[in-house]
$ cat query_18.cif   # mmCIF, C-alpha atoms
data_entry
loop_
_atom_site.group_PDB
_atom_site.id
_atom_site.type_symbol
_atom_site.label_atom_id
_atom_site.label_comp_id
_atom_site.auth_asym_id
_atom_site.auth_seq_id
_atom_site.Cartn_x
_atom_site.Cartn_y
_atom_site.Cartn_z
ATOM 1 C CA MET A 138 12.241 25.274 8.371
ATOM 2 C CA LYS A 139 15.935 25.020 9.286
ATOM 3 C CA GLU A 140 15.924 21.373 8.348
ATOM 4 C CA SER A 141 15.008 22.164 4.753
ATOM 5 C CA GLU A 142 17.500 25.021 4.425
ATOM 6 C CA GLU A 143 20.229 22.662 3.268
ATOM 7 C CA PHE A 144 18.048 21.874 0.241
ATOM 8 C CA ASN A 145 17.408 25.488 -0.740
ATOM 9 C CA ASP A 146 18.145 25.774 -4.438
ATOM 10 C CA GLU A 147 16.719 28.776 -6.241
ATOM 11 C CA ASP A 148 17.898 27.661 -9.707
ATOM 12 C CA LEU A 149 16.372 24.229 -9.450
ATOM 13 C CA SER A 150 13.197 25.591 -7.908
ATOM 14 C CA ASP A 151 12.740 28.080 -10.773
ATOM 15 C CA ILE A 152 13.458 25.450 -13.402
ATOM 16 C CA LEU A 153 11.006 22.943 -11.927
ATOM 17 C CA LYS A 154 8.295 25.542 -11.382
ATOM 18 C CA ALA A 155 8.543 26.463 -15.053
ATOM 19 C CA GLU A 156 7.850 22.825 -15.836
ATOM 20 C CA VAL A 157 4.487 22.695 -13.987
ATOM 21 C CA ARG A 158 2.074 20.684 -16.081
ATOM 22 C CA ILE A 159 -1.642 21.244 -16.598
ATOM 23 C CA LEU A 160 -3.953 18.294 -17.036
ATOM 24 C CA PRO A 161 -4.419 18.149 -20.802
ATOM 25 C CA ASN A 162 -7.974 16.792 -20.747
ATOM 26 C CA GLN A 163 -10.315 19.828 -20.635
ATOM 27 C CA ARG A 164 -13.312 17.608 -19.882
ATOM 28 C CA PHE A 165 -11.655 15.891 -16.918
ATOM 29 C CA GLU A 166 -13.919 17.492 -14.307
ATOM 30 C CA ASP A 167 -17.125 16.612 -16.172
ATOM 31 C CA GLN A 168 -15.966 13.065 -16.795
ATOM 32 C CA THR A 169 -15.008 12.529 -13.157
ATOM 33 C CA MET A 170 -18.282 14.012 -11.899
ATOM 34 C CA HIS A 171 -20.132 11.692 -14.292
ATOM 35 C CA LEU A 172 -18.219 8.718 -12.874
ATOM 36 C CA ILE A 173 -19.004 9.827 -9.326
ATOM 37 C CA ARG A 174 -22.714 10.120 -10.101
ATOM 38 C CA ALA A 175 -22.620 6.660 -11.704
ATOM 39 C CA GLU A 176 -20.904 5.303 -8.589
ATOM 40 C CA ILE A 177 -23.575 6.832 -6.344
ATOM 41 C CA ALA A 178 -26.350 5.345 -8.526
ATOM 42 C CA HIS A 179 -24.618 1.946 -8.435
ATOM 43 C CA ARG A 180 -24.301 2.051 -4.655
ATOM 44 C CA LYS A 181 -27.961 2.990 -4.281
ATOM 45 C CA ALA A 182 -29.004 0.107 -6.554
ATOM 46 C CA VAL A 183 -26.812 -2.366 -4.664
ATOM 47 C CA LYS A 184 -28.155 -1.135 -1.322
ATOM 48 C CA LYS A 185 -31.745 -1.506 -2.536
ATOM 49 C CA GLN A 186 -31.106 -5.053 -3.740
ATOM 50 C CA LEU A 187 -29.364 -5.951 -0.483
ATOM 51 C CA ILE A 188 -32.279 -4.683 1.569
ATOM 52 C CA THR A 189 -34.756 -6.663 -0.571
ATOM 53 C CA SER A 190 -32.584 -9.736 -0.215
ATOM 54 C CA LEU A 191 -32.351 -9.193 3.544
ATOM 55 C CA LYS A 192 -36.137 -8.914 3.805
ATOM 56 C CA LEU A 193 -36.608 -12.200 1.923
ATOM 57 C CA PHE A 194 -33.917 -13.819 4.026
ATOM 58 C CA ALA A 195 -35.562 -12.608 7.240
ATOM 59 C CA GLY A 196 -38.909 -13.996 5.996
ATOM 60 C CA ALA A 197 -37.345 -17.395 5.326
ATOM 61 C CA LEU A 198 -35.683 -17.324 8.726
ATOM 62 C CA PHE A 199 -38.997 -16.524 10.369
ATOM 63 C CA VAL A 200 -40.592 -19.534 8.667
ATOM 64 C CA VAL A 201 -37.760 -21.765 9.900
ATOM 65 C CA ILE A 202 -38.183 -20.419 13.449
ATOM 66 C CA LEU A 203 -41.878 -21.258 13.252
ATOM 67 C CA LEU A 204 -41.245 -24.737 11.868
ATOM 68 C CA VAL A 205 -38.594 -25.895 14.369
ATOM 69 C CA PRO A 206 -40.912 -26.219 17.407
ATOM 70 C CA PHE A 207 -43.535 -28.031 15.309
ATOM 71 C CA MET A 208 -40.954 -30.472 14.013
ATOM 72 C CA LEU A 209 -39.593 -31.117 17.490
ATOM 73 C CA LEU A 210 -43.073 -31.497 18.879
ATOM 74 C CA SER A 211 -44.133 -33.897 16.161
ATOM 75 C CA GLN A 212 -40.971 -35.904 16.735
ATOM 76 C CA THR A 213 -41.604 -36.267 20.456
ATOM 77 C CA LEU A 214 -45.123 -37.391 19.736
ATOM 78 C CA GLY A 215 -43.662 -40.145 17.597
ATOM 79 C CA MET A 216 -45.367 -38.892 14.481
ATOM 80 C CA TYR A 217 -42.082 -37.936 12.901
ATOM 81 C CA THR A 218 -39.176 -40.265 13.460
ATOM 82 C CA ASN A 219 -36.476 -38.728 11.297
ATOM 83 C CA ILE A 220 -34.130 -36.666 13.477
ATOM 84 C CA LEU A 221 -32.284 -35.163 10.515
ATOM 85 C CA ALA A 222 -35.003 -32.759 9.425
ATOM 86 C CA PRO A 223 -35.236 -30.743 12.660
ATOM 87 C CA LEU A 224 -31.455 -30.846 12.984
ATOM 88 C CA ILE A 225 -31.000 -29.358 9.520
ATOM 89 C CA LEU A 226 -33.611 -26.724 10.284
ATOM 90 C CA PHE A 227 -31.835 -25.852 13.529
ATOM 91 C CA LEU A 228 -28.451 -25.523 11.764
ATOM 92 C CA THR A 229 -30.033 -23.396 9.035
ATOM 93 C CA LEU A 230 -31.354 -21.146 11.745
ATOM 94 C CA LEU A 231 -27.896 -20.756 13.276
ATOM 95 C CA ILE A 232 -26.230 -20.052 9.904
ATOM 96 C CA GLY A 233 -29.015 -17.593 9.100
ATOM 97 C CA ILE A 234 -28.474 -15.634 12.291
ATOM 98 C CA MET A 235 -24.733 -15.537 11.592
ATOM 99 C CA ASN A 236 -25.373 -14.274 8.045
ATOM 100 C CA THR A 237 -27.393 -11.276 9.166
ATOM 101 C CA GLY A 238 -24.063 -9.831 10.402
ATOM 102 C CA ASN A 239 -22.660 -10.100 6.896
ATOM 103 C CA TYR A 240 -25.715 -8.320 5.516
ATOM 104 C CA ARG A 241 -25.216 -5.528 8.009
ATOM 105 C CA ARG A 242 -21.586 -5.096 6.914
ATOM 106 C CA LEU A 243 -22.504 -5.094 3.213
ATOM 107 C CA ILE A 244 -25.283 -2.558 3.693
ATOM 108 C CA ASN A 245 -22.936 -0.320 5.698
ATOM 109 C CA LYS A 246 -20.381 -0.524 2.889
ATOM 110 C CA TYR A 247 -22.870 0.658 0.293
ATOM 111 C CA THR A 248 -24.519 3.313 2.423
ATOM 112 C CA MET B 234 -12.450 26.246 2.795
ATOM 113 C CA ASP B 235 -11.741 22.551 2.208
ATOM 114 C CA GLU B 236 -13.554 21.712 5.444
ATOM 115 C CA GLU B 237 -16.666 23.549 4.323
ATOM 116 C CA TYR B 238 -16.785 21.741 0.990
ATOM 117 C CA MET B 239 -16.067 18.408 2.667
ATOM 118 C CA ASP B 240 -19.082 18.946 4.923
ATOM 119 C CA ARG B 241 -21.215 19.835 1.921
ATOM 120 C CA VAL B 242 -20.175 16.678 0.061
ATOM 121 C CA LEU B 243 -20.806 14.554 3.144
ATOM 122 C CA SER B 244 -24.259 16.052 3.567
ATOM 123 C CA GLY B 245 -25.137 14.848 0.069
ATOM 124 C CA ASP B 246 -24.236 17.810 -2.143
ATOM 125 C CA THR B 247 -22.278 15.887 -4.789
ATOM 126 C CA ARG B 248 -21.740 19.007 -6.916
ATOM 127 C CA ALA B 249 -19.588 20.501 -4.146
ATOM 128 C CA TYR B 250 -16.957 17.901 -5.043
ATOM 129 C CA ARG B 251 -16.196 19.949 -8.154
ATOM 130 C CA TYR B 252 -14.343 22.363 -5.860
ATOM 131 C CA PHE B 253 -11.754 19.673 -5.076
ATOM 132 C CA LEU B 254 -11.499 18.667 -8.739
ATOM 133 C CA ALA B 255 -10.892 22.246 -9.813
ATOM 134 C CA ASN B 256 -8.332 22.963 -7.092
ATOM 135 C CA TYR B 257 -6.300 19.791 -6.944
ATOM 136 C CA LYS B 258 -6.437 18.147 -10.354
ATOM 137 C CA ASP B 259 -3.367 19.856 -11.829
ATOM 138 C CA LEU B 260 -1.130 19.463 -8.785
ATOM 139 C CA ALA B 261 -2.216 15.837 -8.450
ATOM 140 C CA PHE B 262 -1.474 15.352 -12.154
ATOM 141 C CA ASN B 263 2.071 16.657 -11.655
ATOM 142 C CA ILE B 264 2.613 14.223 -8.789
ATOM 143 C CA ALA B 265 1.239 11.307 -10.825
ATOM 144 C CA VAL B 266 3.315 12.235 -13.889
ATOM 145 C CA SER B 267 6.474 12.372 -11.786
ATOM 146 C CA ILE B 268 5.873 8.741 -10.797
ATOM 147 C CA VAL B 269 4.282 7.015 -13.816
ATOM 148 C CA LYS B 270 6.087 9.246 -16.377
ATOM 149 C CA ASP B 271 3.193 9.187 -18.795
ATOM 150 C CA ASP B 272 0.351 11.691 -19.304
ATOM 151 C CA HIS B 273 -2.353 9.181 -20.146
ATOM 152 C CA HIS B 274 -1.640 6.901 -17.188
ATOM 153 C CA ALA B 275 -1.214 9.896 -14.890
ATOM 154 C CA GLU B 276 -4.682 11.129 -15.844
ATOM 155 C CA GLU B 277 -6.117 7.695 -15.057
ATOM 156 C CA VAL B 278 -4.353 7.738 -11.693
ATOM 157 C CA VAL B 279 -5.753 11.181 -10.850
ATOM 158 C CA GLN B 280 -9.270 10.112 -11.780
ATOM 159 C CA ASP B 281 -9.012 6.912 -9.710
ATOM 160 C CA SER B 282 -7.650 8.954 -6.811
ATOM 161 C CA PHE B 283 -10.565 11.383 -6.954
ATOM 162 C CA MET B 284 -12.982 8.443 -6.974
ATOM 163 C CA LYS B 285 -11.197 6.874 -4.009
ATOM 164 C CA ALA B 286 -11.176 10.149 -2.111
ATOM 165 C CA PHE B 287 -14.891 10.597 -2.750
ATOM 166 C CA THR B 288 -15.836 7.137 -1.496
ATOM 167 C CA GLY B 289 -13.407 7.399 1.425
ATOM 168 C CA LEU B 290 -14.342 10.929 2.481
ATOM 169 C CA LYS B 291 -16.712 9.590 5.137
ATOM 170 C CA SER B 292 -13.875 7.732 6.845
ATOM 171 C CA PHE B 293 -11.378 10.634 6.568
ATOM 172 C CA LYS B 294 -10.431 11.456 10.183
ATOM 173 C CA ARG B 295 -9.322 15.052 9.477
ATOM 174 C CA THR B 296 -6.161 14.703 11.560
ATOM 175 C CA THR B 297 -4.349 16.075 8.503
ATOM 176 C CA SER B 298 -5.409 18.460 5.717
ATOM 177 C CA PHE B 299 -7.535 17.221 2.824
ATOM 178 C CA LYS B 300 -4.711 18.178 0.482
ATOM 179 C CA ASN B 301 -2.116 15.963 2.168
ATOM 180 C CA TRP B 302 -4.599 13.112 2.569
ATOM 181 C CA PHE B 303 -5.563 13.342 -1.097
ATOM 182 C CA TYR B 304 -1.945 13.578 -2.286
ATOM 183 C CA ARG B 305 -1.186 10.476 -0.271
ATOM 184 C CA ILE B 306 -3.933 8.660 -2.201
ATOM 185 C CA VAL B 307 -2.449 9.954 -5.468
ATOM 186 C CA VAL B 308 1.043 8.746 -4.500
ATOM 187 C CA ASN B 309 -0.236 5.299 -3.492
ATOM 188 C CA GLU B 310 -2.334 4.976 -6.640
ATOM 189 C CA SER B 311 0.611 6.083 -8.788
ATOM 190 C CA PHE B 312 3.005 3.531 -7.319
ATOM 191 C CA GLN B 313 0.324 0.865 -7.671
ATOM 192 C CA LYS B 314 -0.084 1.813 -11.331
ATOM 193 C CA LEU B 315 3.673 1.795 -11.834
ATOM 194 C CA ARG B 316 3.916 -1.715 -10.382
ATOM 195 C CA LYS B 317 1.148 -2.900 -12.713
ATOM 196 C CA LEU B 318 2.827 -1.301 -15.709
ATOM 197 C CA LYS B 319 6.191 -2.797 -14.847
ATOM 198 C CA LYS B 320 4.622 -6.182 -14.337
ATOM 199 C CA SER B 321 2.991 -6.184 -17.750
ATOM 200 C CA ARG B 322 6.233 -4.922 -19.344
ATOM 201 C CA PHE B 323 4.106 -2.290 -20.936
ATOM 202 C CA ILE B 324 6.049 0.711 -19.764
ATOM 203 C CA GLN B 325 8.687 0.685 -22.506
ATOM 204 C CA SER B 326 6.298 0.477 -25.422
ATOM 205 C CA VAL B 327 4.028 3.122 -23.874
ATOM 206 C CA ALA B 328 6.963 5.439 -23.298
ATOM 207 C CA GLU B 329 8.022 5.082 -26.923
ATOM 208 C CA VAL B 330 4.525 5.714 -28.294
ATOM 209 C CA LYS B 331 3.865 8.624 -25.944
ATOM 210 C CA GLU B 332 7.250 10.187 -26.563
ATOM 211 C CA ALA B 333 6.530 10.227 -30.270
ATOM 212 C CA ALA B 334 3.151 11.831 -29.626
ATOM 213 C CA VAL B 335 4.426 14.360 -27.130
ATOM 214 C CA GLU B 336 7.601 15.510 -28.877
ATOM 215 C CA PRO B 337 6.012 17.799 -31.540
ATOM 216 C CA ALA B 338 4.075 19.672 -28.844
ATOM 217 C CA ARG B 339 7.185 19.903 -26.744
ATOM 218 C CA GLU B 340 9.117 21.394 -29.633
ATOM 219 C CA ALA B 341 6.991 24.498 -29.402
ATOM 220 C CA GLN B 342 7.972 24.930 -25.785
ATOM 221 C CA SER B 343 11.302 26.178 -24.704
ATOM 222 C CA GLU B 344 14.280 23.883 -25.062
ATOM 223 C CA ARG B 345 14.934 24.115 -21.349
ATOM 224 C CA VAL B 346 11.443 22.909 -20.399
ATOM 225 C CA ALA B 347 11.868 19.932 -22.719
ATOM 226 C CA LEU B 348 15.260 19.245 -21.184
ATOM 227 C CA VAL B 349 13.769 19.321 -17.660
ATOM 228 C CA PHE B 350 10.895 17.113 -18.796
ATOM 229 C CA ASN B 351 13.284 14.508 -20.166
ATOM 230 C CA ALA B 352 15.593 14.741 -17.145
ATOM 231 C CA MET B 353 12.645 14.149 -14.797
ATOM 232 C CA LYS B 354 11.593 11.206 -16.950
ATOM 233 C CA GLN B 355 14.990 9.590 -16.512
ATOM 234 C CA LEU B 356 15.012 9.887 -12.734
ATOM 235 C CA PRO B 357 13.698 7.061 -10.539
ATOM 236 C CA ALA B 358 10.055 7.588 -9.520
ATOM 237 C CA LYS B 359 10.872 8.354 -5.873
ATOM 238 C CA GLU B 360 13.425 10.994 -6.803
ATOM 239 C CA SER B 361 11.243 12.824 -9.312
ATOM 240 C CA LEU B 362 8.383 12.684 -6.809
ATOM 241 C CA ALA B 363 10.580 14.232 -4.095
ATOM 242 C CA LEU B 364 11.649 17.020 -6.479
ATOM 243 C CA THR B 365 8.068 17.708 -7.543
ATOM 244 C CA LEU B 366 6.817 17.901 -3.979
ATOM 245 C CA PHE B 367 9.712 19.945 -2.576
ATOM 246 C CA TYR B 368 10.793 22.323 -5.330
ATOM 247 C CA GLN B 369 7.727 22.527 -7.536
ATOM 248 C CA GLN B 370 4.909 22.408 -4.958
ATOM 249 C CA GLU B 371 6.919 23.755 -1.997
ATOM 250 C CA HIS B 372 5.951 21.145 0.556
ATOM 251 C CA SER B 373 8.034 20.909 3.734
ATOM 252 C CA LEU B 374 10.082 17.798 4.519
ATOM 253 C CA LYS B 375 7.524 16.861 7.170
ATOM 254 C CA GLU B 376 4.662 17.176 4.706
ATOM 255 C CA ILE B 377 6.529 15.094 2.120
ATOM 256 C CA ALA B 378 7.087 12.430 4.762
ATOM 257 C CA GLU B 379 3.385 12.524 5.555
ATOM 258 C CA ILE B 380 2.315 12.281 1.914
ATOM 259 C CA THR B 381 4.756 9.551 0.927
ATOM 260 C CA SER B 382 4.936 7.550 4.191
ATOM 261 C CA TRP B 383 8.726 7.929 4.139
ATOM 262 C CA SER B 384 10.566 9.007 7.281
ATOM 263 C CA VAL B 385 11.954 12.563 7.340
ATOM 264 C CA ALA B 386 15.499 11.136 7.296
ATOM 265 C CA ASN B 387 14.676 8.983 4.264
ATOM 266 C CA THR B 388 13.036 11.965 2.554
ATOM 267 C CA LYS B 389 16.272 13.928 3.024
ATOM 268 C CA VAL B 390 18.348 11.109 1.539
ATOM 269 C CA ILE B 391 16.052 10.778 -1.495
ATOM 270 C CA LEU B 392 15.898 14.542 -1.983
ATOM 271 C CA HIS B 393 19.659 14.884 -1.735
ATOM 272 C CA ARG B 394 20.170 12.136 -4.321
ATOM 273 C CA ALA B 395 17.436 13.549 -6.562
ATOM 274 C CA ARG B 396 18.914 17.037 -6.456
ATOM 275 C CA LYS B 397 22.351 15.717 -7.328
ATOM 276 C CA ASN B 398 21.000 13.618 -10.218
ATOM 277 C CA ILE B 399 18.797 16.292 -11.753
ATOM 278 C CA ARG B 400 21.581 18.857 -11.579
ATOM 279 C CA ALA B 401 23.848 16.390 -13.364
ATOM 280 C CA HIS B 402 21.197 15.718 -16.029
ATOM 281 C CA LEU B 403 20.640 19.436 -16.551
ATOM 282 C CA GLY B 404 24.314 20.224 -16.463
ATOM 283 C CA ILE B 405 24.036 22.663 -13.547
ATOM 284 C CA ASP B 406 27.237 23.019 -11.526
#
$ encode --input "query_18.cif" --output "structure tokens"
Amino acid sequence: MKESEEFNDEDLSDILKAEVRILPNQRFEDQTMHLIRAEIAHRKAVKKQLITSLKLFAGALFVVILLVPFMLLSQTLGMYTNILAPLILFLTLLIGIMNTGNYRRLINKYT
Amino acid sequence: MDEEYMDRVLSGDTRAYRYFLANYKDLAFNIAVSIVKDDHHAEEVVQDSFMKAFTGLKSFKRTTSFKNWFYRIVVNESFQKLRKLKKSRFIQSVAEVKEAAVEPAREAQSERVALVFNAMKQLPAKESLALTLFYQQEHSLKEIAEITSWSVANTKVILHRARKNIRAHLGID
């Protein structure tokens, strides 16, 4: 309190208080509430789409997980000689697992 | 009271946010006007600040009051707006247009209020903000430092300069 005493100025305080402004837009509250509701609806829609996308992504990942052992097995049996295909599948699997973290962050953001 | 309404908003009662709009919109508008010096842009700033506060309410730690936290958002948003306006060299033309629109309404008000309005407009943003927060809204130096992210010593320097300048503009001895 003492610190601000040096700035005590009744005249200036009265003058500035008389200059207090009121937001001119009478519909400001309604407009802002409308924007907030729109934002909530947008977030819900984004979250729904993200979850759908995550489900599809998880399905695709599951298929890849199922395919990798078959590919490796077929390769060892000499039925499938190309090494690139299982390698690509394995890398896809790794990238997929890493991406689930990004999904989690995005869903948290919109929740 | 703020705490109660914050809890209601966080539990999903969006309508409870109206309480904050009703209580803080005018004071926030005064802060924004003191920085951007234009009613239209100040209203935009206040609306953006309310949106930001709503989306950030979940992460608000409550180590300070809602009021100070919200005013800090308003101050940051206002300075951001001011930077954008300066960058686009829009501020001069807007000031001219707005001044023309505002003057007739101002005429009806007292000459002194118009004089204060114009004096505040001529002050640098930081100075008019310091005056608004200290003299108009009666915040302490510590609170001003908290809202603006300035140090208390810096707040004193700005306030001292602002007081000197506004008194000179208003012709107060």
$ closest_atom_pairs --input "query_18.cif" --of "chain A" --to "chain B" --cutoff "10 Å" --atoms "only C-alpha atoms" --output "JSON lines"
{"residue": "A:Met138", "atom": "CA", "partner": "B:Ser373", "partner_atom": "CA", "distance": 7.6}
{"residue": "A:Glu140", "atom": "CA", "partner": "B:Leu374", "partner_atom": "CA", "distance": 7.8}
{"residue": "A:Ser141", "atom": "CA", "partner": "B:Leu374", "partner_atom": "CA", "distance": 6.6}
{"residue": "A:Glu143", "atom": "CA", "partner": "B:His393", "partner_atom": "CA", "distance": 9.3}
{"residue": "A:Phe144", "atom": "CA", "partner": "B:His393", "partner_atom": "CA", "distance": 7.4}
{"residue": "A:Asn145", "atom": "CA", "partner": "B:Tyr368", "partner_atom": "CA", "distance": 8.7}
{"residue": "A:Asp146", "atom": "CA", "partner": "B:Tyr368", "partner_atom": "CA", "distance": 8.2}
{"residue": "A:Glu147", "atom": "CA", "partner": "B:Tyr368", "partner_atom": "CA", "distance": 8.8}
{"residue": "A:Asp148", "atom": "CA", "partner": "B:Ile405", "partner_atom": "CA", "distance": 8.8}
{"residue": "A:Leu149", "atom": "CA", "partner": "B:Tyr368", "partner_atom": "CA", "distance": 7.2}
{"residue": "A:Ser150", "atom": "CA", "partner": "B:Tyr368", "partner_atom": "CA", "distance": 4.8}
{"residue": "A:Asp151", "atom": "CA", "partner": "B:Gln369", "partner_atom": "CA", "distance": 8.2}
{"residue": "A:Ile152", "atom": "CA", "partner": "B:Val349", "partner_atom": "CA", "distance": 7.5}
{"residue": "A:Leu153", "atom": "CA", "partner": "B:Gln369", "partner_atom": "CA", "distance": 5.5}
{"residue": "A:Lys154", "atom": "CA", "partner": "B:Gln369", "partner_atom": "CA", "distance": 4.9}
{"residue": "A:Ala155", "atom": "CA", "partner": "B:Val346", "partner_atom": "CA", "distance": 7.0}
{"residue": "A:Glu156", "atom": "CA", "partner": "B:Val346", "partner_atom": "CA", "distance": 5.8}
{"residue": "A:Val157", "atom": "CA", "partner": "B:Asn263", "partner_atom": "CA", "distance": 6.9}
{"residue": "A:Arg158", "atom": "CA", "partner": "B:Asn263", "partner_atom": "CA", "distance": 6.0}
{"residue": "A:Ile159", "atom": "CA", "partner": "B:Asp259", "partner_atom": "CA", "distance": 5.3}
{"residue": "A:Leu160", "atom": "CA", "partner": "B:Asp259", "partner_atom": "CA", "distance": 5.5}
{"residue": "A:Pro161", "atom": "CA", "partner": "B:Asp272", "partner_atom": "CA", "distance": 8.2}
{"residue": "A:Asn162", "atom": "CA", "partner": "B:Glu276", "partner_atom": "CA", "distance": 8.2}
{"residue": "A:Phe165", "atom": "CA", "partner": "B:Gln280", "partner_atom": "CA", "distance": 8.1}
{"residue": "A:Glu166", "atom": "CA", "partner": "B:Leu254", "partner_atom": "CA", "distance": 6.2}
{"residue": "A:Asp167", "atom": "CA", "partner": "B:Arg251", "partner_atom": "CA", "distance": 8.7}
{"residue": "A:Gln168", "atom": "CA", "partner": "B:Gln280", "partner_atom": "CA", "distance": 8.9}
{"residue": "A:Thr169", "atom": "CA", "partner": "B:Gln280", "partner_atom": "CA", "distance": 6.4}
{"residue": "A:Met170", "atom": "CA", "partner": "B:Arg251", "partner_atom": "CA", "distance": 7.3}
{"residue": "A:Leu172", "atom": "CA", "partner": "B:Met284", "partner_atom": "CA", "distance": 7.9}
{"residue": "A:Ile173", "atom": "CA", "partner": "B:Met284", "partner_atom": "CA", "distance": 6.6}
{"residue": "A:Arg174", "atom": "CA", "partner": "B:Thr247", "partner_atom": "CA", "distance": 7.9}
{"residue": "A:Glu176", "atom": "CA", "partner": "B:Met284", "partner_atom": "CA", "distance": 8.7}
{"residue": "A:Ile177", "atom": "CA", "partner": "B:Thr288", "partner_atom": "CA", "distance": 9.1}
{"residue": "A:Lys246", "atom": "CA", "partner": "B:Thr288", "partner_atom": "CA", "distance": 9.9}
{"residue": "A:Tyr247", "atom": "CA", "partner": "B:Thr288", "partner_atom": "CA", "distance": 9.7}
$ atom_distance --input "query_18.cif" --atom1 "CA of Asn387 (chain B)" --atom2 "CA of Ser267 (chain B)"
18.3 Å
$ atom_distance --input "query_18.cif" --atom1 "CA of Asp240 (chain B)" --atom2 "CA of Arg242 (chain A)"
24.3 Å
$ residues_around --input "query_18.cif" --residues "region 292-297 of chain B" --least-positions-apart "4" --cutoff "12 Å" --atoms "all atoms listed in the file" --output "list in words"
Lys246 of chain A; Asp235, Glu236, Met239, Asp240, Leu243, Lys285, Ala286, Phe287, Thr288, Asn301, Trp302, Phe303, Tyr304, Arg305, Ile306, Lys375, Glu376, Glu379 and Ile380 of chain B
$ resolve_selection --input "query_18.cif" --expression "the PyMOL selection byres ((chain B and resi 310) around 9)" --output "PyMOL selection string"
chain B and resi 265+278-279+281-282+305-309+311-315
$ resolve_selection --input "query_18.cif" --expression "the PyMOL selection byres ((chain B and resi 357) around 10)" --output "JSON, numbers by chain"
{"B": [267, 268, 269, 270, 353, 354, 355, 356, 358, 359, 360, 361, 362, 395, 398]}
$ atom_distance --input "query_18.cif" --atom1 "CA of Asn351 (chain B)" --atom2 "CA of Asp271 (chain B)"
11.5 Å
$ closest_residue --input "query_18.cif" --among "A:Ala178, A:Arg164, A:Phe199, A:Phe207" --to "Ile234 (chain A)" --atoms "only C-alpha atoms"
A:Phe199
$ resolve_selection --input "query_18.cif" --expression "the PyMOL selection byres ((chain A and resi 230-233) around 12)" --output "PDB file with C-alpha atoms, in the frame of the given file"
ATOM      1  CA  LEU A 191     -32.351  -9.193   3.544  1.00  0.00           C
ATOM      2  CA  LEU A 193     -36.608 -12.200   1.923  1.00  0.00           C
ATOM      3  CA  PHE A 194     -33.917 -13.819   4.026  1.00  0.00           C
ATOM      4  CA  ALA A 195     -35.562 -12.608   7.240  1.00  0.00           C
ATOM      5  CA  GLY A 196     -38.909 -13.996   5.996  1.00  0.00           C
ATOM      6  CA  ALA A 197     -37.345 -17.395   5.326  1.00  0.00           C
ATOM      7  CA  LEU A 198     -35.683 -17.324   8.726  1.00  0.00           C
ATOM      8  CA  PHE A 199     -38.997 -16.524  10.369  1.00  0.00           C
ATOM      9  CA  VAL A 200     -40.592 -19.534   8.667  1.00  0.00           C
ATOM     10  CA  VAL A 201     -37.760 -21.765   9.900  1.00  0.00           C
ATOM     11  CA  ILE A 202     -38.183 -20.419  13.449  1.00  0.00           C
ATOM     12  CA  LEU A 203     -41.878 -21.258  13.252  1.00  0.00           C
ATOM     13  CA  LEU A 204     -41.245 -24.737  11.868  1.00  0.00           C
ATOM     14  CA  VAL A 205     -38.594 -25.895  14.369  1.00  0.00           C
ATOM     15  CA  PRO A 223     -35.236 -30.743  12.660  1.00  0.00           C
ATOM     16  CA  LEU A 224     -31.455 -30.846  12.984  1.00  0.00           C
ATOM     17  CA  ILE A 225     -31.000 -29.358   9.520  1.00  0.00           C
ATOM     18  CA  LEU A 226     -33.611 -26.724  10.284  1.00  0.00           C
ATOM     19  CA  PHE A 227     -31.835 -25.852  13.529  1.00  0.00           C
ATOM     20  CA  LEU A 228     -28.451 -25.523  11.764  1.00  0.00           C
ATOM     21  CA  THR A 229     -30.033 -23.396   9.035  1.00  0.00           C
ATOM     22  CA  ILE A 234     -28.474 -15.634  12.291  1.00  0.00           C
ATOM     23  CA  MET A 235     -24.733 -15.537  11.592  1.00  0.00           C
ATOM     24  CA  ASN A 236     -25.373 -14.274   8.045  1.00  0.00           C
ATOM     25  CA  THR A 237     -27.393 -11.276   9.166  1.00  0.00           C
ATOM     26  CA  GLY A 238     -24.063  -9.831  10.402  1.00  0.00           C
ATOM     27  CA  ASN A 239     -22.660 -10.100   6.896  1.00  0.00           C
ATOM     28  CA  TYR A 240     -25.715  -8.320   5.516  1.00  0.00           C
TER      29      TYR A 240
END
$ build_atoms --input "query_18.cif" --residues "region 176-182 of chain A" --atoms "N, CA and C atoms" --output "compact mmCIF listing (two decimals), in the coordinates of the input"
# COMPACT_ATOMS: atom_id res chain seq x y z
N GLU A 176 -21.27 6.09 -9.77
CA GLU A 176 -20.90 5.30 -8.59
C GLU A 176 -21.99 5.41 -7.52
N ILE A 177 -22.51 6.63 -7.34
CA ILE A 177 -23.58 6.83 -6.34
C ILE A 177 -24.82 6.02 -6.74
N ALA A 178 -25.17 6.08 -8.04
CA ALA A 178 -26.35 5.34 -8.53
C ALA A 178 -26.15 3.84 -8.33
N HIS A 179 -24.94 3.37 -8.60
CA HIS A 179 -24.62 1.95 -8.44
C HIS A 179 -24.76 1.53 -6.98
N ARG A 180 -24.23 2.36 -6.09
CA ARG A 180 -24.30 2.05 -4.66
C ARG A 180 -25.75 2.02 -4.18
N LYS A 181 -26.55 2.96 -4.67
CA LYS A 181 -27.96 2.99 -4.28
C LYS A 181 -28.67 1.72 -4.74
N ALA A 182 -28.37 1.31 -6.00
CA ALA A 182 -29.00 0.11 -6.55
C ALA A 182 -28.60 -1.13 -5.75
